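Student: One file: structure13.cif (mmCIF, C-alpha atoms).
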```
data_my_file
#
loop_
_atom_site.label_atom_id
_atom_site.label_comp_id
_atom_site.auth_asym_id
_atom_site.auth_seq_id
_atom_site.Cartn_x
_atom_site.Cartn_y
_atom_site.Cartn_z
CA MET A 840 4.38 23.33 33.15
CA ASN A 841 1.64 25.29 31.43
CA LEU A 842 3.69 25.51 28.26
CA LYS A 843 4.22 21.74 28.24
CA LYS A 844 0.49 21.13 28.57
CA GLU A 845 -0.26 23.47 25.68
CA PHE A 846 2.34 21.71 23.57
CA ARG A 847 0.78 18.31 24.22
CA LEU A 848 -2.71 19.67 23.46
CA LYS A 849 -1.42 20.88 20.10
CA HIS A 850 -0.04 17.41 19.41
CA ILE A 851 -3.38 15.79 20.18
CA VAL A 852 -5.29 18.24 17.96
CA LEU A 853 -2.82 17.66 15.12
CA SER A 854 -3.10 13.88 15.44
CA LEU A 855 -6.90 14.02 15.47
CA LEU A 856 -6.95 16.27 12.40
CA SER A 857 -4.62 14.01 10.45
CA SER A 858 -6.60 10.92 11.43
CA ALA A 859 -9.82 12.62 10.24
CA LEU A 860 -8.07 13.32 6.93
CA MET A 861 -7.01 9.67 6.65
CA LEU A 862 -10.56 8.47 7.38
CA SER A 863 -12.03 10.80 4.74
CA ILE A 864 -9.53 9.50 2.17
CA LEU A 865 -10.55 5.97 3.16
CA GLY A 866 -14.21 6.85 2.62
CA LEU A 867 -13.37 8.24 -0.82
CA LEU A 868 -11.46 5.09 -1.71
CA LEU A 869 -14.30 2.82 -0.63
CA HIS A 870 -16.90 4.77 -2.64
CA VAL A 871 -15.06 4.91 -5.96
CA LYS A 872 -16.75 2.43 -8.28
CA SER A 873 -14.30 0.46 -10.37
CA GLY A 874 -14.65 0.21 -14.13
CA LEU A 875 -16.18 3.64 -14.65
CA HIS A 876 -13.04 5.65 -15.31
CA LYS A 877 -10.13 4.79 -17.53
CA SER A 878 -7.10 5.77 -15.51
CA VAL A 879 -3.34 5.84 -16.08
CA GLY A 880 -3.18 2.40 -14.52
CA ASP A 881 -5.31 0.89 -17.29
CA ILE A 882 -3.12 2.40 -20.00
CA ILE A 883 0.02 1.11 -18.29
CA LEU A 884 -1.53 -2.36 -17.94
CA THR A 885 -2.23 -2.52 -21.68
CA LEU A 886 1.30 -1.27 -22.42
CA ASN A 887 2.67 -3.82 -19.96
CA MET A 888 1.70 -6.66 -22.29
CA GLU A 889 4.51 -5.58 -24.62
CA THR A 890 7.24 -5.84 -21.99
CA ALA A 891 6.06 -9.33 -20.96
CA THR A 892 6.67 -9.11 -17.22
CA ALA A 893 4.27 -10.86 -14.87
CA ASN A 894 4.68 -8.08 -12.28
CA ALA A 895 3.35 -4.89 -13.86
CA VAL A 896 5.03 -2.64 -11.27
CA THR A 897 8.44 -3.89 -12.39
CA SER A 898 8.02 -2.75 -15.98
CA VAL A 899 6.96 0.71 -14.75
CA VAL A 900 9.90 1.02 -12.37
CA THR A 901 12.64 -0.19 -14.71
CA PHE A 902 11.26 0.59 -18.15
CA PHE A 903 8.69 3.41 -18.31
CA ARG A 904 10.33 5.24 -15.40
CA GLY A 905 13.90 3.96 -15.75
CA ILE A 906 15.40 7.42 -15.29
CA ASP A 907 13.58 7.74 -11.93
CA THR A 908 15.25 4.53 -10.76
CA LEU A 909 18.61 5.97 -11.83
CA GLY A 910 17.84 9.06 -9.72
CA GLU A 911 16.93 6.93 -6.70
CA VAL A 912 20.15 4.94 -6.99
CA THR A 913 22.09 8.22 -7.22
CA VAL A 914 20.38 9.56 -4.09
CA LEU A 915 21.23 6.38 -2.19
CA PHE A 916 24.84 6.59 -3.38
CA LEU A 917 25.09 10.20 -2.16
CA ALA A 918 23.58 9.24 1.21
CA THR A 919 26.13 6.44 1.63
CA THR A 920 28.95 8.80 0.69
CA GLY A 921 27.76 11.34 3.25
CA ILE A 922 27.53 8.76 6.03
CA ALA A 923 30.98 7.41 5.16
CA LEU A 924 32.38 10.95 5.25
CA MET A 925 30.79 11.66 8.64
CA LEU A 926 31.41 8.38 10.44
CA SER A 927 34.57 6.89 9.00
CA THR A 928 37.81 7.78 10.74
CA SER A 929 41.36 7.76 9.49
CA GLN A 930 42.39 4.84 11.68
CA ARG A 931 40.71 1.69 10.49
CA THR A 932 41.59 -0.49 13.50
CA TYR A 933 38.95 -0.44 16.19
CA GLU A 934 39.62 -1.79 19.66
CA LYS A 935 38.07 -5.16 20.35
CA VAL A 936 34.79 -5.17 22.22
CA VAL A 937 35.14 -7.45 25.20
CA HIS A 938 31.56 -8.01 26.29
CA GLN A 939 30.04 -11.33 25.28
CA GLU A 940 26.76 -11.42 23.38
CA SER A 941 24.05 -13.80 24.51
CA PHE A 942 24.10 -17.47 23.53
CA ILE A 943 20.67 -17.32 21.87
CA LEU A 944 21.69 -14.36 19.67
CA ASN A 945 24.91 -16.11 18.63
CA ILE A 946 23.34 -19.43 17.62
CA GLY A 947 20.17 -17.83 16.23
CA SER A 948 22.11 -15.44 14.02
CA LYS A 949 24.15 -18.33 12.57
CA LEU A 950 20.94 -20.25 11.82
CA LEU A 951 19.02 -17.29 10.41
CA LEU A 952 21.79 -15.66 8.36
CA ASN A 953 21.65 -18.12 5.45
CA VAL A 954 17.86 -18.07 5.35
CA ILE A 955 17.69 -14.26 5.26
CA ILE A 956 20.34 -13.98 2.53
CA LEU A 957 18.55 -16.68 0.51
CA PHE A 958 15.26 -14.78 0.87
CA GLY A 959 16.90 -11.54 -0.29
CA VAL A 960 18.39 -13.24 -3.35
CA TYR A 961 14.98 -14.80 -4.08
CA ILE A 962 13.29 -11.38 -3.93
CA ILE A 963 15.90 -9.91 -6.28
CA ILE A 964 15.83 -12.74 -8.85
CA HIS A 965 12.02 -13.06 -8.88
CA GLY A 966 11.54 -9.28 -9.01
CA HIS A 967 9.84 -9.39 -12.42
CA LEU A 968 7.51 -12.27 -11.42
CA SER A 969 6.40 -11.55 -7.86
CA PRO A 970 6.30 -8.50 -5.55
CA GLY A 971 9.69 -7.12 -4.69
CA GLY A 972 12.77 -6.24 -6.62
CA GLY A 973 16.28 -4.96 -6.36
CA PHE A 974 15.74 -2.37 -3.63
CA GLN A 975 13.79 -4.62 -1.28
CA GLY A 976 16.06 -7.62 -1.78
CA GLY A 977 19.16 -5.52 -1.23
CA VAL A 978 17.81 -4.15 2.05
CA VAL A 979 16.87 -7.71 3.18
CA ILE A 980 20.50 -8.77 2.58
CA ALA A 981 21.69 -5.71 4.54
CA THR A 982 19.46 -6.72 7.50
CA ALA A 983 21.20 -10.12 7.48
CA PHE A 984 24.52 -8.30 7.92
CA LEU A 985 22.95 -6.18 10.68
CA LEU A 986 22.06 -9.38 12.56
CA LEU A 987 25.61 -10.67 12.06
CA PHE A 988 27.08 -7.44 13.46
CA LEU A 989 24.75 -7.51 16.46
CA ALA A 990 25.84 -11.05 17.31
CA ASN A 991 29.52 -10.53 16.62
CA PRO A 992 30.64 -6.88 17.04
CA ASN A 993 34.28 -7.61 16.18
CA MET A 994 33.50 -8.67 12.62
CA HIS A 995 34.83 -6.71 9.66
CA LEU A 996 33.42 -6.45 6.17
CA ASN A 997 35.79 -6.53 3.22
CA HIS A 998 35.44 -2.95 2.00
CA PHE A 999 37.44 -3.59 -1.17
CA ILE A 1000 34.98 -6.20 -2.48
CA LEU A 1001 31.95 -4.09 -1.41
CA THR A 1002 33.27 -0.94 -3.10
CA LEU A 1003 34.20 -2.90 -6.22
CA GLY A 1004 30.76 -4.51 -6.49
CA GLU A 1005 28.98 -1.22 -5.80
CA SER A 1006 30.88 0.80 -8.40
CA LEU A 1007 30.83 -1.96 -11.03
CA SER A 1008 27.06 -2.44 -10.66
CA GLY A 1009 26.46 1.32 -10.80
CA ALA A 1010 28.52 1.61 -13.98
CA THR A 1011 26.74 -1.39 -15.53
CA PHE A 1012 23.36 0.15 -14.72
CA VAL A 1013 24.20 3.33 -16.64
CA LEU A 1014 25.77 1.25 -19.43
CA VAL A 1015 22.59 -0.84 -19.88
CA GLY A 1016 20.55 2.37 -20.13
CA LEU A 1017 22.96 3.85 -22.70
CA ILE A 1018 22.93 0.65 -24.81
CA GLY A 1019 19.13 0.93 -24.92
CA LEU A 1020 19.47 4.59 -25.97
CA PHE A 1021 21.81 3.80 -28.84
CA LYS A 1022 20.10 0.61 -29.99
CA ILE A 1023 16.38 1.51 -29.96
CA ASN A 1024 16.55 5.25 -29.20
CA ILE A 1025 14.96 4.93 -25.73
CA LEU A 1026 16.93 5.44 -22.50
CA PHE A 1027 16.61 2.16 -20.56
CA GLY A 1028 14.88 0.66 -23.59
CA ASN A 1029 14.30 -3.08 -23.58
CA PHE A 1030 16.76 -4.12 -26.30
CA LEU A 1031 16.87 -7.83 -25.47
CA PRO A 1032 14.21 -10.15 -26.97
CA ASN A 1033 11.14 -10.32 -24.70
CA PRO A 1034 8.49 -12.53 -26.32
CA VAL A 1035 5.04 -12.42 -24.72
CA SER A 1036 4.79 -16.22 -24.87
CA GLU A 1037 7.50 -16.53 -22.18
CA ILE A 1038 5.57 -14.42 -19.63
CA GLY A 1039 5.90 -15.80 -16.09
CA GLU A 1040 9.14 -17.69 -16.70
CA LEU A 1041 12.31 -17.01 -14.75
CA VAL A 1042 14.26 -15.85 -17.83
CA SER A 1043 11.85 -13.42 -19.45
CA GLY A 1044 11.26 -9.70 -19.79
CA GLY A 1045 14.53 -8.82 -21.55
CA ILE A 1046 16.76 -6.46 -19.53
CA ILE A 1047 14.46 -6.16 -16.51
CA PRO A 1048 15.96 -9.10 -14.48
CA ILE A 1049 19.46 -7.82 -15.32
CA ILE A 1050 18.64 -4.32 -14.05
CA TYR A 1051 17.12 -5.73 -10.86
CA ILE A 1052 20.14 -7.94 -10.14
CA ILE A 1053 22.43 -4.91 -10.66
CA VAL A 1054 20.29 -2.71 -8.40
CA GLY A 1055 20.18 -5.49 -5.79
CA ILE A 1056 23.97 -5.76 -5.64
CA LYS A 1057 24.32 -1.96 -5.44
CA VAL A 1058 21.70 -1.43 -2.72
CA GLY A 1059 22.86 -4.46 -0.72
CA SER A 1060 26.48 -3.33 -0.58
CA GLU A 1061 25.58 0.31 0.18
CA MET A 1062 23.18 -0.61 2.99
CA SER A 1063 25.68 -3.08 4.47
CA VAL A 1064 28.31 -0.33 4.56
CA ILE A 1065 25.84 2.06 6.27
CA VAL A 1066 24.96 -0.58 8.90
CA GLU A 1067 28.63 -1.34 9.51
CA TYR A 1068 29.49 2.33 10.01
CA PHE A 1069 26.65 2.78 12.49
CA ILE A 1070 27.59 -0.32 14.53
CA LYS A 1071 31.31 0.48 14.52
CA GLU A 1072 30.62 4.05 15.64
CA ASP A 1073 28.62 2.60 18.51
CA ASN A 1074 31.43 0.20 19.48
CA LYS A 1075 33.96 3.03 19.48
CA LYS A 1076 31.82 4.96 21.93
CA GLU A 1077 31.49 1.94 24.23
CA VAL A 1078 35.25 1.39 24.24
CA SER A 1079 35.93 5.02 25.07
CA ASN A 1080 33.40 4.87 27.90
CA ALA A 1081 35.01 1.80 29.47
CA MET B 621 -15.95 -8.12 6.56
CA ILE B 622 -12.95 -6.67 4.70
CA GLY B 623 -14.23 -3.17 5.50
CA LEU B 624 -14.28 -4.07 9.19
CA ILE B 625 -10.67 -5.27 9.01
CA ILE B 626 -9.67 -2.03 7.24
CA LEU B 627 -11.46 0.11 9.82
CA PHE B 628 -9.90 -1.85 12.70
CA THR B 629 -6.42 -1.47 11.18
CA PHE B 630 -6.94 2.27 10.66
CA ALA B 631 -8.13 2.70 14.23
CA SER B 632 -5.18 0.78 15.66
CA ILE B 633 -2.73 2.79 13.53
CA ILE B 634 -4.22 6.03 14.87
CA VAL B 635 -4.08 4.80 18.47
CA VAL B 636 -0.49 3.58 18.15
CA ALA B 637 0.55 6.84 16.45
CA LEU B 638 -1.04 8.86 19.27
CA TYR B 639 0.85 6.77 21.84
CA ALA B 640 4.08 7.26 19.87
CA VAL B 641 3.63 11.04 19.85
CA LEU B 642 2.69 11.26 23.51
CA SER B 643 5.21 8.81 24.99
CA GLN B 644 8.03 10.31 27.06
CA ASP B 645 10.57 7.56 26.37
CA VAL B 646 12.41 7.82 23.04
CA THR B 647 12.96 4.06 22.69
CA GLN B 648 9.28 3.42 23.34
CA ALA B 649 8.34 5.98 20.70
CA VAL B 650 10.57 4.29 18.11
CA ILE B 651 9.05 0.87 18.82
CA LEU B 652 5.53 2.33 18.56
CA PHE B 653 6.52 4.00 15.29
CA MET B 654 7.43 0.52 14.06
CA GLY B 655 3.88 -0.51 14.99
CA VAL B 656 2.50 2.26 12.75
CA GLY B 657 4.57 0.87 9.87
CA LEU B 658 3.29 -2.64 10.59
CA GLY B 659 -0.32 -1.49 10.41
CA SER B 660 0.32 0.28 7.12
CA VAL B 661 1.83 -2.95 5.74
CA VAL B 662 -1.52 -4.68 6.36
CA LEU B 663 -3.37 -1.78 4.71
CA PHE B 664 -1.12 -1.84 1.62
CA LEU B 665 -1.71 -5.58 1.31
CA ILE B 666 -5.50 -5.14 1.52
CA PHE B 667 -5.43 -2.34 -1.06
CA GLN B 668 -3.53 -4.68 -3.42
CA ALA B 669 -0.12 -3.03 -3.37
CA PRO B 670 2.16 -5.92 -2.31
CA ASP B 671 5.25 -4.19 -3.72
CA VAL B 672 4.77 -1.18 -1.47
CA ALA B 673 3.89 -3.47 1.45
CA LEU B 674 7.17 -5.37 1.04
CA THR B 675 9.13 -2.11 0.85
CA GLU B 676 7.42 -0.74 3.95
CA ALA B 677 8.01 -4.00 5.86
CA VAL B 678 11.69 -4.14 4.98
CA ILE B 679 12.67 -0.47 5.14
CA GLY B 680 10.01 1.15 7.34
CA THR B 681 9.82 -1.43 10.09
CA GLY B 682 13.12 -3.26 9.66
CA LEU B 683 16.11 -1.14 8.79
CA SER B 684 14.93 2.33 9.87
CA THR B 685 13.98 1.05 13.34
CA ALA B 686 17.42 -0.55 13.68
CA VAL B 687 19.13 2.67 12.60
CA PHE B 688 16.96 4.73 15.01
CA LEU B 689 17.75 2.37 17.91
CA LEU B 690 21.48 2.46 17.10
CA GLY B 691 21.33 6.25 17.04
CA ILE B 692 19.56 6.33 20.40
CA ARG B 693 22.14 3.95 21.91
CA HIS B 694 24.92 6.12 20.50
CA THR B 695 23.57 9.40 21.87
CA SER B 696 22.53 7.51 25.07
CA ILE B 697 19.94 9.94 26.36
CA ASP B 698 18.34 7.26 28.56
CA LYS B 699 21.58 6.22 30.26
CA GLU B 700 22.40 9.77 31.29
CA VAL B 701 18.91 10.32 32.66
CA LYS B 702 18.98 7.13 34.71
CA SER B 703 22.51 7.62 36.13
#
```
Could you show the structure in this file as structure tokens?

Tutor:
Amino acid sequence: MNLKKEFRLKHIVLSLLSSALMLSILGLLLHVKSGLHKSVGDIILTLNMETATANAVTSVVTFFRGIDTLGEVTVLFLATTGIALMLSTSQRTYEKVVHQESFILNIGSKLLLNVIILFGVYIIIHGHLSPGGGFQGGVVIATAFLLLFLANPNMHLNHFILTLGESLSGATFVLVGLIGLFKINILFGNFLPNPVSEIGELVSGGIIPIIYIIVGIKVGSEMSVIVEYFIKEDNKKEVSNA
Amino acid sequence: MIGLIILFTFASIIVVALYAVLSQDVTQAVILFMGVGLGSVVLFLIFQAPDVALTEAVIGTGLSTAVFLLGIRHTSIDKEVKS
């Protein structure tokens, strides 16, 4: 009992210390006067005019730091592979779950599914104009599939199409980077025409919308597979319990 | 005014995080952790980082909470304690 109390006291002290740190950082942030220092952000903003994307973050993520994005996609691919190795079993046929989900969840999921997928596609396509991009849109699409699985546990995703889309988009991503390397000597260089006069239009920014659509397909399929493995693992446990 | 909103959001994040650390129920802790993410979404928006706010809203409060809850239901700590 005494040990437990000590443990909780340590937790409280740690939380208070970290909150004091957060508050001091907040005070620093509020007291920095803008316009005095020329930071990396200013340099990137002036460079951003060349890439002609309305959303400055996008040009950093896909152009100045394109190789970082490639690393992130690789990490996500490895995570999906690990989860598939751990959770997938040799027999693909799961027993049917008999319990009925609630009426509200059934009807609500059917209504909401199209809206969520539409929102995810919007985030992906408008990645270079407004906040968001391939990663966020892909995860939004995966949450739509999560809702579908919650409402209807006996559903199956077509793994062939998902695997095909995931590998093709990954290969195209590397290919786009290599084309930039060979054409203008920069890995993930913007080799398509990107005139500054077209800034803010849907088709602008050269290869950046293409990269975001590719990343969106890749992340969406990988996250959907992860969600399906988690839900199916859960169903298997329920069947074995009953 | 905006400083007051920031301070209020910071204070609520700290309170919710304390509750999440101290709560005995795992499910309750996960839901409170989602509240921490929600508060940070508001802070990111105020500090003009809508990209990060969108990422935090989708991944931090959406998908990771779902994966945590699925994991809890799979390991079923609560069920064993109650039965």

Student: Hey, list the chain A side of the contact with chain B: 9 Å cut-off, all atoms listed in the file, answer as JSON, numbers by chain.

Tutor: {"A": [847, 850, 851, 854, 855, 858, 861, 862, 865, 869, 896, 969, 970, 971, 972, 974, 975, 976, 978, 979, 981, 982, 985, 1066, 1069, 1070, 1072, 1073, 1074, 1076, 1077]}

Student: Please list, as a list of chain:residue names, the residues that have an atom at most 10 Å away from (20.2, 0.3, -16.8) in the coordinates of this file, counting all atoms listed in the file.

Tutor: A:Thr901, A:Phe902, A:Gly905, A:Ile906, A:Thr908, A:Leu909, A:Ser1008, A:Gly1009, A:Ala1010, A:Thr1011, A:Phe1012, A:Val1013, A:Leu1014, A:Val1015, A:Gly1016, A:Leu1017, A:Ile1018, A:Gly1019, A:Leu1026, A:Phe1027, A:Gly1028, A:Asn1029, A:Ile1046, A:Ile1047, A:Ile1049, A:Ile1050, A:Tyr1051, A:Ile1053, A:Val1054

Student: Atoms to include: C-alpha atoms. Write the selected residues as a JSON list (two decimals), in the frame of the given file.

Tutor:
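Okay, this is what ended up in out_36.json:
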```
[["chain", "number", "residue", "atom", "x", "y", "z"],
["A", 901, "THR", "CA", 12.64, -0.19, -14.71],
["A", 902, "PHE", "CA", 11.26, 0.59, -18.15],
["A", 905, "GLY", "CA", 13.90, 3.96, -15.75],
["A", 906, "ILE", "CA", 15.40, 7.42, -15.29],
["A", 908, "THR", "CA", 15.25, 4.53, -10.76],
["A", 909, "LEU", "CA", 18.61, 5.97, -11.83],
["A", 1008, "SER", "CA", 27.06, -2.44, -10.66],
["A", 1009, "GLY", "CA", 26.46, 1.32, -10.80],
["A", 1010, "ALA", "CA", 28.52, 1.61, -13.98],
["A", 1011, "THR", "CA", 26.74, -1.39, -15.53],
["A", 1012, "PHE", "CA", 23.36, 0.15, -14.72],
["A", 1013, "VAL", "CA", 24.20, 3.33, -16.64],
["A", 1014, "LEU", "CA", 25.77, 1.25, -19.43],
["A", 1015, "VAL", "CA", 22.59, -0.84, -19.88],
["A", 1016, "GLY", "CA", 20.55, 2.37, -20.13],
["A", 1017, "LEU", "CA", 22.96, 3.85, -22.70],
["A", 1018, "ILE", "CA", 22.93, 0.65, -24.81],
["A", 1019, "GLY", "CA", 19.13, 0.93, -24.92],
["A", 1026, "LEU", "CA", 16.93, 5.44, -22.50],
["A", 1027, "PHE", "CA", 16.61, 2.16, -20.56],
["A", 1028, "GLY", "CA", 14.88, 0.66, -23.59],
["A", 1029, "ASN", "CA", 14.30, -3.08, -23.58],
["A", 1046, "ILE", "CA", 16.76, -6.46, -19.53],
["A", 1047, "ILE", "CA", 14.46, -6.16, -16.51],
["A", 1049, "ILE", "CA", 19.46, -7.82, -15.32],
["A", 1050, "ILE", "CA", 18.64, -4.32, -14.05],
["A", 1051, "TYR", "CA", 17.12, -5.73, -10.86],
["A", 1053, "ILE", "CA", 22.43, -4.91, -10.66],
["A", 1054, "VAL", "CA", 20.29, -2.71, -8.40]]
```

Student: Taking (3.3, -0.6, 22.7) in the coordinates of the supplied file, I want to know which residues reach to within 8 Å of it, counting only C-alpha atoms; could you give the answer as a count of residues only?

Tutor: 6

Student: Output the residue selection produced by the PyMOL selection byres ((chain A and resi 891-894) around 8) on the file above, formatted as a list in words.

Tutor: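 Evaluating the PyMOL selection byres ((chain A and resi 891-894) around 8) on this file yields Asn887, Met888, Glu889, Thr890, Ala895, Val896, Thr897, Ser898, Gly966, His967, Leu968, Ser969, Pro970, Asn1033, Pro1034, Val1035, Glu1037, Ile1038, Gly1039, Ser1043 and Gly1044 of chain A.
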
Student: Quick one, how far is atom CA of Phe1030 of chain A from atom CA of Phe903 of chain A?

Tutor: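 Taking atom CA of Phe1030 of chain A as the start and atom CA of Phe903 of chain A as the end point, the length is 13.6 Å.
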
Student: Using the file's own x, y and z axes, what box holds all listed atoms of segment 672-685 of chain B with 6 Å on each side, keeping edges along x, y and z, and what are its centre and edge lengths in Å to one decimal, as lines of an AutoDock Vina configuration file?

Tutor:
```
center_x = 10.0
center_y = -1.5
center_z = 5.9
size_x = 24.2
size_y = 19.7
size_z = 26.8
```

Student: Let me make sure I understand: among A:Ile882, A:Leu867, A:Val960, A:Val912, which one has the smallest atom-to-atom distance to Ile1052 of chain A if we use only C-alpha atoms?

Tutor: A:Val960

Student: Dump segment 850-867 of chain A with N, CA and C atoms to a file, as a short mmCIF file (atom, residue, chain, number, x, y, z; two decimals), in the first residue's frame.

Tutor:
```cif
data_model
loop_
_atom_site.label_atom_id
_atom_site.label_comp_id
_atom_site.auth_asym_id
_atom_site.auth_seq_id
_atom_site.Cartn_x
_atom_site.Cartn_y
_atom_site.Cartn_z
N HIS A 850 4.19 10.12 -9.79
CA HIS A 850 3.44 10.51 -10.99
C HIS A 850 3.02 11.96 -10.92
N ILE A 851 2.49 12.36 -9.76
CA ILE A 851 1.99 13.73 -9.62
C ILE A 851 3.14 14.72 -9.78
N VAL A 852 4.30 14.42 -9.14
CA VAL A 852 5.44 15.34 -9.23
C VAL A 852 5.91 15.45 -10.68
N LEU A 853 5.94 14.31 -11.39
CA LEU A 853 6.36 14.32 -12.78
C LEU A 853 5.42 15.15 -13.64
N SER A 854 4.10 14.98 -13.41
CA SER A 854 3.13 15.73 -14.20
C SER A 854 3.26 17.21 -13.93
N LEU A 855 3.44 17.59 -12.65
CA LEU A 855 3.57 19.02 -12.33
C LEU A 855 4.82 19.61 -12.97
N LEU A 856 5.93 18.83 -12.94
CA LEU A 856 7.18 19.33 -13.54
C LEU A 856 7.01 19.54 -15.04
N SER A 857 6.38 18.57 -15.70
CA SER A 857 6.23 18.71 -17.15
C SER A 857 5.28 19.84 -17.50
N SER A 858 4.24 20.05 -16.66
CA SER A 858 3.33 21.15 -16.95
C SER A 858 4.03 22.49 -16.74
N ALA A 859 4.93 22.58 -15.72
CA ALA A 859 5.69 23.81 -15.53
C ALA A 859 6.58 24.08 -16.74
N LEU A 860 7.16 23.01 -17.29
CA LEU A 860 7.99 23.16 -18.49
C LEU A 860 7.17 23.69 -19.66
N MET A 861 5.95 23.11 -19.83
CA MET A 861 5.08 23.55 -20.93
C MET A 861 4.73 25.02 -20.75
N LEU A 862 4.42 25.44 -19.51
CA LEU A 862 4.02 26.83 -19.28
C LEU A 862 5.18 27.78 -19.55
N SER A 863 6.42 27.36 -19.21
CA SER A 863 7.57 28.23 -19.47
C SER A 863 7.80 28.38 -20.97
N ILE A 864 7.61 27.25 -21.72
CA ILE A 864 7.74 27.34 -23.18
C ILE A 864 6.69 28.27 -23.74
N LEU A 865 5.47 28.20 -23.17
CA LEU A 865 4.39 29.09 -23.62
C LEU A 865 4.76 30.55 -23.38
N GLY A 866 5.35 30.83 -22.19
CA GLY A 866 5.76 32.19 -21.90
C GLY A 866 6.81 32.69 -22.87
N LEU A 867 7.77 31.78 -23.22
CA LEU A 867 8.79 32.15 -24.21
C LEU A 867 8.15 32.49 -25.55
#
```
